[in-house]
>>> print(open('protein.cif').read())   # mmCIF, C-alpha atoms
data_entry
loop_
_atom_site.label_atom_id
_atom_site.label_comp_id
_atom_site.auth_asym_id
_atom_site.auth_seq_id
_atom_site.Cartn_x
_atom_site.Cartn_y
_atom_site.Cartn_z
CA MET A 7 51.42 25.01 -19.95
CA GLY A 8 47.66 24.35 -20.05
CA TYR A 9 47.82 23.39 -23.73
CA ILE A 10 50.52 20.81 -23.07
CA LEU A 11 48.41 19.39 -20.23
CA MET A 12 45.41 19.22 -22.57
CA ALA A 13 47.38 17.21 -25.14
CA ALA A 14 48.77 14.96 -22.38
CA ALA A 15 45.30 14.42 -20.90
CA ILE A 16 43.95 13.24 -24.25
CA PHE A 17 46.95 10.97 -24.81
CA PHE A 18 47.07 9.40 -21.34
CA GLY A 19 43.29 9.26 -20.92
CA ASP A 20 42.86 7.45 -24.21
CA LEU A 21 45.82 5.17 -23.46
CA TRP A 22 44.24 4.22 -20.12
CA ILE A 23 40.89 3.46 -21.76
CA LYS A 24 42.55 1.42 -24.52
CA ASN A 25 44.45 -0.66 -21.96
CA TYR A 26 41.24 -1.18 -19.96
CA VAL A 27 39.30 -2.21 -23.07
CA GLU A 28 42.00 -4.68 -24.10
CA LYS A 29 41.91 -6.34 -20.66
CA GLU A 30 38.17 -6.27 -19.99
CA PHE A 31 36.41 -6.63 -23.35
CA PRO A 32 36.47 -9.74 -25.51
CA GLU A 33 37.11 -9.04 -29.16
CA ASN A 34 33.78 -8.41 -30.90
CA GLY A 35 32.01 -8.39 -27.51
CA GLU A 36 29.70 -5.45 -26.96
CA ARG A 37 28.11 -3.60 -24.02
CA GLU A 38 25.38 -1.04 -24.45
CA LYS A 39 25.15 2.12 -22.35
CA LEU A 40 22.74 5.05 -22.28
CA LYS A 41 19.83 2.92 -23.52
CA GLY A 42 21.83 1.67 -26.49
CA PHE A 43 22.99 5.09 -27.68
CA LEU A 44 26.59 4.25 -26.78
CA ARG A 45 28.01 0.84 -27.65
CA LEU A 46 31.30 -0.18 -26.05
CA ARG A 47 33.46 -2.82 -27.69
CA ARG A 48 37.03 -3.69 -28.64
CA HIS A 49 38.01 -3.24 -32.26
CA TYR A 50 41.43 -3.22 -33.90
CA ASN A 51 41.88 -0.76 -36.75
CA GLU A 52 44.91 -1.77 -38.78
CA GLY A 53 44.75 1.15 -41.18
CA ALA A 54 43.83 4.81 -40.98
CA PHE A 55 40.29 6.20 -40.65
CA LEU A 56 37.72 3.49 -41.47
CA ASN A 57 40.58 0.96 -41.93
CA ALA A 58 41.79 2.76 -45.07
CA GLY A 59 45.20 1.42 -46.06
CA GLN A 60 45.04 -1.58 -43.75
CA ARG A 61 47.13 -3.61 -46.19
CA LYS A 62 49.86 -0.95 -46.05
CA ARG A 63 50.28 -0.65 -42.30
CA GLN A 64 53.93 0.42 -42.43
CA MET A 65 53.10 3.22 -44.85
CA ILE A 66 50.19 4.35 -42.66
CA ALA A 67 52.42 4.28 -39.57
CA GLY A 68 55.12 6.30 -41.35
CA LEU A 69 52.58 8.83 -42.57
CA SER A 70 51.14 9.03 -39.06
CA VAL A 71 54.60 9.76 -37.61
CA CYS A 72 55.28 12.45 -40.23
CA LEU A 73 51.93 14.19 -39.74
CA THR A 74 52.27 14.02 -35.95
CA LEU A 75 55.74 15.59 -36.14
CA PHE A 76 54.39 18.32 -38.44
CA VAL A 77 51.60 19.14 -35.97
CA LEU A 78 54.11 19.05 -33.09
CA ILE A 79 56.30 21.63 -34.87
CA LEU A 80 53.28 23.87 -35.53
CA PHE A 81 52.18 23.48 -31.92
CA VAL A 82 55.62 24.38 -30.50
CA PHE A 83 55.81 27.37 -32.86
CA THR A 84 52.40 28.69 -31.74
CA LEU A 85 53.22 28.32 -28.03
CA GLY A 86 55.64 31.24 -28.34
CA MET A 87 53.00 33.49 -29.90
CA LYS A 88 50.71 35.76 -27.91
CA GLY A 89 47.01 35.17 -28.29
CA ASN A 90 45.79 32.56 -30.78
CA THR A 91 43.99 30.70 -28.00
CA ALA A 92 41.69 28.82 -30.37
CA LEU A 93 44.58 27.74 -32.60
CA LYS A 94 46.62 26.52 -29.62
CA THR A 95 43.60 24.68 -28.21
CA GLY A 96 42.88 23.02 -31.56
CA LEU A 97 46.50 22.00 -32.07
CA ALA A 98 46.73 20.66 -28.49
CA MET A 99 43.65 18.48 -29.02
CA LEU A 100 44.87 17.36 -32.44
CA LEU A 101 48.33 16.57 -31.09
CA GLY A 102 47.05 14.59 -28.10
CA GLY A 103 44.93 12.43 -30.40
CA ALA A 104 47.66 12.08 -33.00
CA PHE A 105 50.22 11.00 -30.39
CA SER A 106 47.84 8.37 -29.02
CA ASN A 107 46.91 6.80 -32.36
CA THR A 108 50.50 7.01 -33.64
CA TYR A 109 51.71 5.34 -30.44
CA ASP A 110 49.22 2.53 -31.07
CA ARG A 111 50.39 2.09 -34.67
CA LEU A 112 54.01 1.84 -33.60
CA LYS A 113 53.62 -0.16 -30.38
CA ARG A 114 50.55 -2.36 -30.95
CA LYS A 115 50.64 -2.43 -34.79
CA HIS A 116 46.97 -1.35 -34.80
CA VAL A 117 44.80 1.37 -33.27
CA VAL A 118 42.40 0.28 -30.53
CA ASP A 119 38.90 1.69 -31.08
CA TYR A 120 36.22 1.09 -28.49
CA PHE A 121 32.91 2.86 -28.92
CA SER A 122 30.22 3.57 -31.49
CA PHE A 123 26.85 5.23 -31.50
CA GLY A 124 23.56 3.36 -31.71
CA VAL A 125 21.80 5.74 -34.08
CA LYS A 126 19.40 5.30 -36.97
CA TRP A 127 22.02 6.24 -39.57
CA LYS A 128 23.69 2.93 -40.46
CA TRP A 129 26.82 4.60 -41.87
CA LEU A 130 27.48 6.31 -38.52
CA SER A 131 26.50 3.36 -36.34
CA ARG A 132 29.12 1.19 -38.10
CA ILE A 133 32.04 3.52 -37.32
CA ILE A 134 34.00 2.63 -34.18
CA PHE A 135 35.88 5.49 -32.50
CA ASN A 136 38.25 6.22 -29.67
CA ILE A 137 38.72 9.46 -27.70
CA SER A 138 41.78 10.35 -29.78
CA ASP A 139 39.68 10.35 -32.94
CA PHE A 140 37.53 13.08 -31.44
CA GLY A 141 40.61 14.99 -30.33
CA ILE A 142 41.88 14.87 -33.90
CA ILE A 143 38.56 15.77 -35.54
CA ILE A 144 37.52 18.52 -33.13
CA GLY A 145 41.07 19.86 -32.80
CA ALA A 146 41.55 20.08 -36.56
CA LEU A 147 38.18 21.83 -36.93
CA ILE A 148 38.98 24.38 -34.19
CA ALA A 149 42.47 25.01 -35.62
CA ALA A 150 41.14 25.43 -39.16
CA LEU A 151 38.34 27.75 -38.09
CA SER A 152 40.73 29.82 -35.97
CA VAL A 153 43.12 30.31 -38.88
CA ASN A 154 40.25 31.10 -41.26
CA GLY A 155 38.67 33.47 -38.75
CA SER A 156 41.89 35.45 -38.19
CA LYS A 157 42.06 36.72 -41.77
#
>>> encode(input="protein.cif", output="C-alpha cells")
Amino acid sequence: MGYILMAAAIFFGDLWIKNYVEKEFPENGEREKLKGFLRLRRHYNEGAFLNAGQRKRQMIAGLSVCLTLFVLILFVFTLGMKGNTALKTGLAMLLGGAFSNTYDRLKRKHVVDYFSFGVKWKWLSRIIFNISDFGIIIGALIAALSVNGSK
C-alpha cells in the first residue's frame, strides 16, 4: 500500500504545485529562492523532455499514455512479488511522475514546468523541471539499478 501512496503523493503533490503556479505566476515571470540557486517560474512544455517533439504533440501524448500504461502493468505485477523493495520504490516514483505529466498532456495539452537551478553550467540552468520529472528520473534510475543489481 505504501508504494501506491508514494505514486499518489508525487502525482497529487505535483498537480497541486502546477495549479498553484498557473494561478500565481505570470508566464515568463521568475522568483528566486535560496540565494538564486532555485528559480521558480511558469513554463509550458508542449513536447517531451526539453520540448522534444513539440510539433507532434498528439504523438507525444500517445507515446506518454503507452509508456505510462506499460509502467503501470510492471508496477502491478511487482506488487504481488515478495521483496524487490527497490524495484517497487523506483516504479512507484516513475509511475507517479508519469501519471502527472501524462495527465497534463491530455488535460492541459502541455506539461507545466516550474523550477530551474541557478548554477554555473548554462546547459543545466536553462532546463525547467517539475517534481514529476524528478520522480521519473530518480524512479527509473532506482528501478534500473535494482534490476541490474539482482543478477
>>> residues_around(input="protein.cif", residues="stretch 149-152 of chain A", least_positions_apart="6", cutoff="7 Å", atoms="all atoms listed in the file", output="count of residues only")
4
>>> residues_around(input="protein.cif", residues="A:Phe105", least_positions_apart="5", cutoff="10 Å", atoms="only C-alpha atoms", output="PDB file with C-alpha atoms, in the coordinates of the input")
ATOM      1  CA  ALA A  13      47.380  17.210 -25.140  1.00  0.00           C
ATOM      2  CA  ALA A  14      48.770  14.960 -22.380  1.00  0.00           C
ATOM      3  CA  ILE A  16      43.950  13.240 -24.250  1.00  0.00           C
ATOM      4  CA  PHE A  17      46.950  10.970 -24.810  1.00  0.00           C
ATOM      5  CA  PHE A  18      47.070   9.400 -21.340  1.00  0.00           C
ATOM      6  CA  SER A  70      51.140   9.030 -39.060  1.00  0.00           C
ATOM      7  CA  VAL A  71      54.600   9.760 -37.610  1.00  0.00           C
ATOM      8  CA  THR A  74      52.270  14.020 -35.950  1.00  0.00           C
ATOM      9  CA  LEU A  75      55.740  15.590 -36.140  1.00  0.00           C
ATOM     10  CA  VAL A  77      51.600  19.140 -35.970  1.00  0.00           C
ATOM     11  CA  LEU A  78      54.110  19.050 -33.090  1.00  0.00           C
ATOM     12  CA  LEU A 100      44.870  17.360 -32.440  1.00  0.00           C
ATOM     13  CA  ASP A 110      49.220   2.530 -31.070  1.00  0.00           C
ATOM     14  CA  ARG A 111      50.390   2.090 -34.670  1.00  0.00           C
ATOM     15  CA  SER A 138      41.780  10.350 -29.780  1.00  0.00           C
ATOM     16  CA  ILE A 142      41.880  14.870 -33.900  1.00  0.00           C
TER      17      ILE A 142
END
>>> axis_aligned_box(input="protein.cif", around="stretch 70-85 of chain A", padding_each_side="3 Å", output="AutoDock Vina command-line options")
--center_x 53.7 --center_y 18.9 --center_z -34.1 --size_x 11.2 --size_y 25.7 --size_z 18.2
>>> residues_around(input="protein.cif", residues="A:Leu69", least_positions_apart="2", cutoff="12 Å", atoms="only C-alpha atoms", output="list in words")
Gly53, Ala54, Gly59, Lys62, Arg63, Gln64, Met65, Ile66, Ala67, Val71, Cys72, Leu73, Thr74, Leu75, Phe76, Ala104, Asn107, Thr108, Arg111 and Leu112 of chain A
>>> closest_residue(input="protein.cif", among="A:Val125, A:Asp119, A:Leu147, A:Gly103", to="A:Asn34", atoms="all atoms listed in the file")
A:Asp119
>>> atom_distance(input="protein.cif", atom1="atom CA of A:Leu11", atom2="atom CA of A:Glu30")
27.6 Å
>>> resolve_selection(input="protein.cif", expression="the PyMOL selection byres ((chain A and resi 120) around 7)", output="ChimeraX atom specification")
/A:46-49,118-119,121,134-136
>>> residues_around(input="protein.cif", residues="stretch 84-90 of chain A", least_positions_apart="4", cutoff="9 Å", atoms="only C-alpha atoms", output="number ranges by chain")
A: 7, 9, 79-80, 94-95, 97, 152-153, 156
>>> atom_distance(input="protein.cif", atom1="atom CA of A:Ala98", atom2="atom CA of A:Phe83")
12.1 Å
>>> atom_distance(input="protein.cif", atom1="atom CA of A:Glu33", atom2="atom CA of A:Lys113")
18.8 Å
>>> closest_residue(input="protein.cif", among="A:Leu44, A:Phe31, A:Ser131, A:Lys24", to="A:His116", atoms="all atoms listed in the file")
A:Lys24
>>> closest_residue(input="protein.cif", among="A:Leu21, A:Ala146, A:Val117, A:Leu40", to="A:Leu101", atoms="all atoms listed in the file")
A:Ala146
>>> closest_residue(input="protein.cif", among="A:Val27, A:Phe123, A:Val82, A:Met12", to="A:Lys41", atoms="all atoms listed in the file")
A:Phe123
>>> closest_residue(input="protein.cif", among="A:Arg114, A:Lys128, A:Arg45, A:Arg37", to="A:Asn25", atoms="only C-alpha atoms")
A:Arg114
>>> closest_residue(input="protein.cif", among="A:Gly68, A:Asp20, A:Gly42, A:Ile10", to="A:Asp139", atoms="all atoms listed in the file")
A:Asp20
